[in-house]
Structure formats: C-alpha cells, structure tokens
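Q: Dropping a structure here in structure tokens format, bear with me for questions.
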Amino acid sequence: MQVDMLVKMKKWFRKYCLWLALLGVPALAGIVFLLNSVQGPQPIEYTEIKPYNVITGPPGQLLKSPTAVAVGPRGEAYIADSGNHRIMVIEEDGRYTLNFGGPGSGIAELQDPVSLDVAPNGNVYVADRGRKEVIVFNSGGGYLYTIAGGGDQGFLPESVNIDGESNAYVFNAGSQKFEIYNSEGQKTGDYPAKQLTAFTGTSAIDIDFENKIIYGVDPEISGFLRSGGNSAKTFRYKALVNPRGIAYNRSRKIIYISDSFNNKLFLFSGNGDCLGEFGGSGDGFGEFSYPAGLAYDERGKLYVADRDNNRVVIYSYD
C-alpha cells in the first residue's frame, strides 16, 4: 500500500512540477519588477571623476554654510559664504585672496546670497534673495552697482548667469522670466518672451548659451527642467529627492545635479538618461552633507558647495 502511494506521488510530481515551474518564473519576475518599482532606479556608481581638493577657508575666516560657487577667468573660486554673508575668493592653487560683502543692509553688504557668477571682465554678480537684488562687484570686491528690477516689488532674483559678452541673465521668480542686463546694468530685454511657468519653484539654473538651452532644478519635482525657446520639458528620476544645485558640462554634455537628501551627485545626459551617481553621507573625502550649489569649469573641475560640512569640494577628470 505504501509503495502504491509513493508511485502515485511520483507521477503527480512529474505531471505538475513543470507547470508549477513555468508559472513560478513569471510570478518571480513580477515580484522583482514590483520591488524595483518601489525602490526606484538601481544606482550606477560614476567613477570617471575623482575628488581633487577641499576648500574650508583660511584660519580665522572659515567657511560657514556655503550655498553657491562660481569660477573666475583665472580658475579662482568665488564662494557664496552664506553663513558669514560674504563672498570669499580662493585662487586655483588654494591660496586665499580676499572676501567682500559682509552682513547688513548697506549697498555693498549681503543678506542671503543664493547665486553668483563671474563675467569675462572679472565683475562678480551676486543674486541676494534677502535683499531682492543683484549686487555687482569688480574683481577686487569693490561695489559697482545694484540691479533691482527697475524698482518692481515682484523682483525675486533666484539665479544669475553671465554670457560671453558680460550680459547678465537674472531669473526673476516673480515674473518667471530671465531679465537681461548689459555690462553697465541696463535692462535690454526678457528671455524668453513667454513665462516659464514650469520654473516656478526653481532652486538653481545653468545656461548653455551656445545652444540657448536653460537647465533648472526644482525641489518639488524628482528631476530637472530643460527649456529651449518658449517651452520647457521635465525629466523625472525617482532616486532624486531634494535637488538643489545644477551645472552643465558643455564639453562632455553632462548635467550634474546635487541631491541634498541623498547627499549625492547625479549625472544626466541632455535627454534625461541617468549616467550615474557618486557621494554619500559623511564628512570624508568624497562624501557630502547637504550638497547645494554647483559650478563646472571647462578646464575639467567640478565645484560642490558642501553646505553643512562648511566647505567646497573640488572634483576633477584629470
């Protein structure tokens, strides 16, 4: 009787085992797909760029909560040292040069610098969210003039970018347009003529002036914005949580985005494909604590304002 039972069990197993296996494969694939959908895209470590140097400031004048950085014509770093309400300048070889600004409401003082850029002639443009103005200094830190949007109370400068002819493109979050000013501070027009409503909550912007393409990040969306002309397109990426800074590498056609939640940098192509990521939480070489503003120097250096580590970290392809 036991032998007959064993024979029947073997026959049943042979008959249904193949069907169970066939059904199990798609079921397992479905489970894997569901887990990937919940967890988001799998990380790809980007290894082509390496840590190069760290800027913390000279003794007695250390950086405090830097939020933005720009690169001058000689390769010097201009840092929005927001915790100290000033701009600090560090030469390419690491030497401290000077600082200017300082806390207050005077014509040459700063409250909340959120963006800056350097013109070919060395003039420094600082978008100050607290003052609702762009303050312009010469290369030595001397005050030149203020851009206040013609006295418009809706002037909310969130970013400033300078083209090769020293024209300043100031993104006014109030009008959702770029207001263009010449090298003497006179407004010459708006770009584009139509409002960029998709850029309402933009935290950082970079411009490819050669191809007339605007790139921006908005902390309320998981991705980045790209505008060419009068329209904008959104590229979403689930792994991005709180994007704060953006920089465009024109030679390699790579978009760098800092994510202050993940404490990482993500790299994208112009059509939204993720090329990889690097970083992680911490204060070691290659780690971040609230990475904010970014700048790319076409000589091969990427600058990261590592806000809560009170430093600027430099990466290099060399």
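Following the order of the structure tokens, first chain is A, next is B, and so on, with residues numbered from 1 inside each chain and ligands from 1 in the order they appear.
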Near segment 109-121 of chain A, within 9 Å and counting only C-alpha atoms, which residues show up once chain neighbours fewer than 5 positions away are dropped, as a PyMOL selection string?
A: chain A and resi 67-73+78-83+85-87+100-104+126-131+134-135+138-139+157-168+183+203-204+293
Q: For segment 44-46 of chain A, please output as a tab-separated table (two decimals) with N, CA and C atoms, in the first residue's frame all residues within 6 Å (counting only C-alpha atoms; exclusion window: fewer than 6 positions along the same chain).
A:
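part.tsv, freshly written:
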chain	number	residue	atom	x	y	z
A	276	GLY	N	24.84	58.03	-13.91
A	276	GLY	CA	25.43	57.51	-12.69
A	276	GLY	C	25.32	58.50	-11.54
A	277	GLU	N	25.90	58.13	-10.41
A	277	GLU	CA	25.86	58.95	-9.20
A	277	GLU	C	27.12	58.71	-8.38
A	278	PHE	N	27.44	59.63	-7.48
A	278	PHE	CA	28.55	59.41	-6.57
A	278	PHE	C	28.33	60.24	-5.32
Q: Give me the residues within 8 Å of Tyr237 of chain A as an MDAnalysis selection string, counting only C-alpha atoms and dropping any in the same chain fewer than 2 places off.
A: chainID A and resid 41 222:223 235 239:240
Q: If you keep all heavy atoms, can you produce a file of those selected residues as a PDB file, in the first residue's frame?
A:
ATOM      1  N   PRO A  41      15.084  53.472  -9.314  1.00  0.00           N
ATOM      2  CA  PRO A  41      16.178  53.019 -10.170  1.00  0.00           C
ATOM      3  C   PRO A  41      17.356  52.513  -9.351  1.00  0.00           C
ATOM      4  O   PRO A  41      17.660  53.028  -8.294  1.00  0.00           O
ATOM      5  CB  PRO A  41      16.558  54.287 -10.962  1.00  0.00           C
ATOM      6  CG  PRO A  41      15.397  55.214 -10.792  1.00  0.00           C
ATOM      7  CD  PRO A  41      14.776  54.882  -9.480  1.00  0.00           C
ATOM      8  N   SER A 222      11.014  65.382  -8.862  1.00  0.00           N
ATOM      9  CA  SER A 222      12.147  64.458  -8.889  1.00  0.00           C
ATOM     10  C   SER A 222      12.745  64.459 -10.286  1.00  0.00           C
ATOM     11  O   SER A 222      12.441  63.608 -11.112  1.00  0.00           O
ATOM     12  CB  SER A 222      11.697  63.046  -8.498  1.00  0.00           C
ATOM     13  OG  SER A 222      11.177  63.027  -7.197  1.00  0.00           O
ATOM     14  N   GLY A 223      13.585  65.421 -10.564  1.00  0.00           N
ATOM     15  CA  GLY A 223      14.169  65.511 -11.892  1.00  0.00           C
ATOM     16  C   GLY A 223      14.688  66.901 -12.180  1.00  0.00           C
ATOM     17  O   GLY A 223      14.991  67.661 -11.268  1.00  0.00           O
ATOM     18  N   PHE A 235      12.209  66.238 -16.935  1.00  0.00           N
ATOM     19  CA  PHE A 235      12.738  64.879 -16.906  1.00  0.00           C
ATOM     20  C   PHE A 235      12.738  64.420 -15.459  1.00  0.00           C
ATOM     21  O   PHE A 235      13.431  64.992 -14.617  1.00  0.00           O
ATOM     22  CB  PHE A 235      14.161  64.841 -17.470  1.00  0.00           C
ATOM     23  CG  PHE A 235      14.254  65.259 -18.912  1.00  0.00           C
ATOM     24  CD1 PHE A 235      14.528  66.580 -19.239  1.00  0.00           C
ATOM     25  CD2 PHE A 235      14.056  64.347 -19.937  1.00  0.00           C
ATOM     26  CE1 PHE A 235      14.616  66.980 -20.560  1.00  0.00           C
ATOM     27  CE2 PHE A 235      14.137  64.733 -21.262  1.00  0.00           C
ATOM     28  CZ  PHE A 235      14.414  66.049 -21.578  1.00  0.00           C
ATOM     29  N   ALA A 239      14.997  58.457  -8.025  1.00  0.00           N
ATOM     30  CA  ALA A 239      16.010  58.463  -6.969  1.00  0.00           C
ATOM     31  C   ALA A 239      16.322  59.860  -6.454  1.00  0.00           C
ATOM     32  O   ALA A 239      16.812  60.027  -5.343  1.00  0.00           O
ATOM     33  CB  ALA A 239      17.296  57.795  -7.473  1.00  0.00           C
ATOM     34  N   LEU A 240      16.035  60.901  -7.256  1.00  0.00           N
ATOM     35  CA  LEU A 240      16.243  62.278  -6.807  1.00  0.00           C
ATOM     36  C   LEU A 240      15.154  62.662  -5.811  1.00  0.00           C
ATOM     37  O   LEU A 240      13.973  62.492  -6.095  1.00  0.00           O
ATOM     38  CB  LEU A 240      16.203  63.236  -7.996  1.00  0.00           C
ATOM     39  CG  LEU A 240      17.485  63.438  -8.802  1.00  0.00           C
ATOM     40  CD1 LEU A 240      17.199  64.314 -10.016  1.00  0.00           C
ATOM     41  CD2 LEU A 240      18.566  64.066  -7.952  1.00  0.00           C
TER      42      LEU A 240
END
Q: In Å, how far is it from atom CA of Ser227 of chain A to atom CA of Phe261 of chain A?
A: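 Between these atoms lies a distance of 25.4 Å.
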Q: Please report as a tab-separated table every residue of segment 282-305 of chain A lying within 9 Å of segment 247-254 of chain A, along with the nearest atom pair and their distance in Å (one decimal), using only C-alpha atoms.
A:
residue	atom	partner	partner_atom	distance
A:Gly293	CA	A:Ala247	CA	8.4
A:Leu294	CA	A:Ala247	CA	5.6
A:Ala295	CA	A:Ala247	CA	5.5
A:Tyr296	CA	A:Ala247	CA	6.1
A:Asp297	CA	A:Asn249	CA	8.0
A:Glu298	CA	A:Asn249	CA	7.0
A:Gly300	CA	A:Asn249	CA	8.9
A:Leu302	CA	A:Ala247	CA	8.6
Q: Hey, can you spit out that residue selection with N, CA, C and O atoms as a PDB file, in the first residue's frame?
A:
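part-v1.pdb, freshly written:
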ATOM      1  N   GLY A 293      24.933  74.373  -4.169  1.00  0.00           N
ATOM      2  CA  GLY A 293      25.285  74.924  -5.467  1.00  0.00           C
ATOM      3  C   GLY A 293      26.465  74.221  -6.131  1.00  0.00           C
ATOM      4  O   GLY A 293      27.372  73.719  -5.458  1.00  0.00           O
ATOM      5  N   LEU A 294      26.448  74.201  -7.470  1.00  0.00           N
ATOM      6  CA  LEU A 294      27.494  73.557  -8.264  1.00  0.00           C
ATOM      7  C   LEU A 294      28.032  74.537  -9.294  1.00  0.00           C
ATOM      8  O   LEU A 294      27.348  75.471  -9.717  1.00  0.00           O
ATOM      9  N   ALA A 295      29.262  74.288  -9.721  1.00  0.00           N
ATOM     10  CA  ALA A 295      29.846  75.037 -10.838  1.00  0.00           C
ATOM     11  C   ALA A 295      30.809  74.113 -11.560  1.00  0.00           C
ATOM     12  O   ALA A 295      31.541  73.347 -10.912  1.00  0.00           O
ATOM     13  N   TYR A 296      30.813  74.191 -12.892  1.00  0.00           N
ATOM     14  CA  TYR A 296      31.764  73.400 -13.668  1.00  0.00           C
ATOM     15  C   TYR A 296      32.669  74.321 -14.456  1.00  0.00           C
ATOM     16  O   TYR A 296      32.202  75.217 -15.167  1.00  0.00           O
ATOM     17  N   ASP A 297      33.959  74.114 -14.300  1.00  0.00           N
ATOM     18  CA  ASP A 297      34.968  74.860 -15.033  1.00  0.00           C
ATOM     19  C   ASP A 297      35.386  74.000 -16.221  1.00  0.00           C
ATOM     20  O   ASP A 297      35.813  72.861 -16.035  1.00  0.00           O
ATOM     21  N   GLU A 298      35.277  74.530 -17.438  1.00  0.00           N
ATOM     22  CA  GLU A 298      35.542  73.728 -18.626  1.00  0.00           C
ATOM     23  C   GLU A 298      36.981  73.242 -18.714  1.00  0.00           C
ATOM     24  O   GLU A 298      37.324  72.489 -19.624  1.00  0.00           O
ATOM     25  N   GLY A 300      38.004  71.264 -16.568  1.00  0.00           N
ATOM     26  CA  GLY A 300      37.898  69.909 -16.028  1.00  0.00           C
ATOM     27  C   GLY A 300      37.616  69.788 -14.556  1.00  0.00           C
ATOM     28  O   GLY A 300      37.716  68.697 -13.983  1.00  0.00           O
ATOM     29  N   LEU A 302      34.947  70.275 -11.226  1.00  0.00           N
ATOM     30  CA  LEU A 302      33.582  70.424 -10.737  1.00  0.00           C
ATOM     31  C   LEU A 302      33.650  70.883  -9.287  1.00  0.00           C
ATOM     32  O   LEU A 302      34.325  70.255  -8.462  1.00  0.00           O
TER      33      LEU A 302
END
Q: So that each row is one residue of segment 83-152 of chain A with an atom at most 12 Å from segment 47-55 of chain A, can you give its shortest atom pair and the distance in Å to one decimal, using only C-alpha atoms, rows by chain and rising number, as a tab-separated table?
A:
residue	atom	partner	partner_atom	distance
A:Met88	CA	A:Ile55	CA	10.6
A:Val89	CA	A:Ile55	CA	10.4
A:Ile90	CA	A:Ile55	CA	8.0
A:Glu91	CA	A:Ile55	CA	10.3
A:Glu92	CA	A:Asn53	CA	10.2
A:Asp93	CA	A:Asn53	CA	9.8
A:Gly94	CA	A:Ile55	CA	7.4
A:Arg95	CA	A:Ile55	CA	9.7
A:Tyr96	CA	A:Ile55	CA	9.6
Q: Out of A:Ser105, A:Asn172, A:Ser258, A:Thr56, which residue has the shortest atom-to-atom distance to Val312 of chain A when counting only C-alpha atoms?
A: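 Closest candidate: A:Thr56.
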Q: DSSP on the backbone: what in segment 145-268 of chain A comes out helix (DSSP H, G or I), as a ChimeraX atom specification?
A: /A:149-151,197-199
Q: Pull C-alpha atoms from the residues just selected and write them as a PDB file, in the first residue's frame.
A:
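Generated output (part.pdb):
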ATOM      1  CA  GLY A 149      14.476  95.108 -11.429  1.00  0.00           C
ATOM      2  CA  GLY A 150      13.527  98.710 -12.026  1.00  0.00           C
ATOM      3  CA  GLY A 151      12.030  99.050  -8.550  1.00  0.00           C
ATOM      4  CA  THR A 197       5.726  78.561 -15.606  1.00  0.00           C
ATOM      5  CA  ALA A 198       7.453  75.187 -15.140  1.00  0.00           C
ATOM      6  CA  PHE A 199      10.317  77.043 -13.394  1.00  0.00           C
TER       7      PHE A 199
END
Q: How many Å lie between atom CA of Glu133 of chain A and atom CA of Tyr145 of chain A, rounded to one decimal?
A: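 If I compute the distance from atom CA of Glu133 of chain A to atom CA of Tyr145 of chain A, I get 10.4 Å.
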Q: With only C-alpha atoms as the basis for distance, which of A:Thr200, A:Val170, A:Ser175, A:Gly60 is at the shortest distance from Thr188 of chain A?
A: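 Between A:Thr200, A:Val170, A:Ser175, A:Gly60, the residue approaching Thr188 of chain A most closely is A:Val170.
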Q: Work out how far atom CA of Ala305 of chain A is from atom CA of Leu98 of chain A, in Å to one decimal.
A: 18.1 Å
Q: Run DSSP on the backbone of this structure and report the residues of segment 110-227 of chain A it assigns to strand (DSSP E), as a VMD selection string.
A: chain A and resid 113 to 118 124 to 128 133 to 137 143 to 147 157 to 162 168 to 172 177 to 181 187 to 191 204 to 208 213 to 217 223 to 227
Q: Can you tell me which residues surround Phe178 of chain A at a distance of at most 6 Å, considering only C-alpha atoms, apart from same-chain residues fewer than 3 positions away, and format the answer as a list in words?
A: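 With the cut-off at 6 Å, the set is Tyr169, Val170, Phe171, Asp190 and Tyr191 of chain A.
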Q: Can you list, as a list of chain:residue names, every protein, DNA or RNA residue that comes within 8 Å of Ile205 of chain A when you count only C-alpha atoms, leaving out same-chain residues fewer than 3 positions away?
A: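 Contacts, in chain order: A:Ser159, A:Thr202, A:Ile214, A:Tyr215, A:Gly216, A:Val217, A:Gly245, A:Ile246, A:Ala247.
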Q: Compare A:Ala148, A:Gly282, A:Gly75, A:Gly142 by their minimum atom-to-atom distance to Gln186 of chain A, counting only C-alpha atoms, and give me the closest one.
A: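 Going through A:Ala148, A:Gly282, A:Gly75, A:Gly142 one by one, the smallest distance to Gln186 of chain A is for A:Ala148.
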Q: Tell me which of A:Tyr181, A:Tyr303, A:Tyr315, A:Tyr256 sits closest to Asp273 of chain A, counting only C-alpha atoms.
A: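 Between A:Tyr181, A:Tyr303, A:Tyr315, A:Tyr256, the residue approaching Asp273 of chain A most closely is A:Tyr256.
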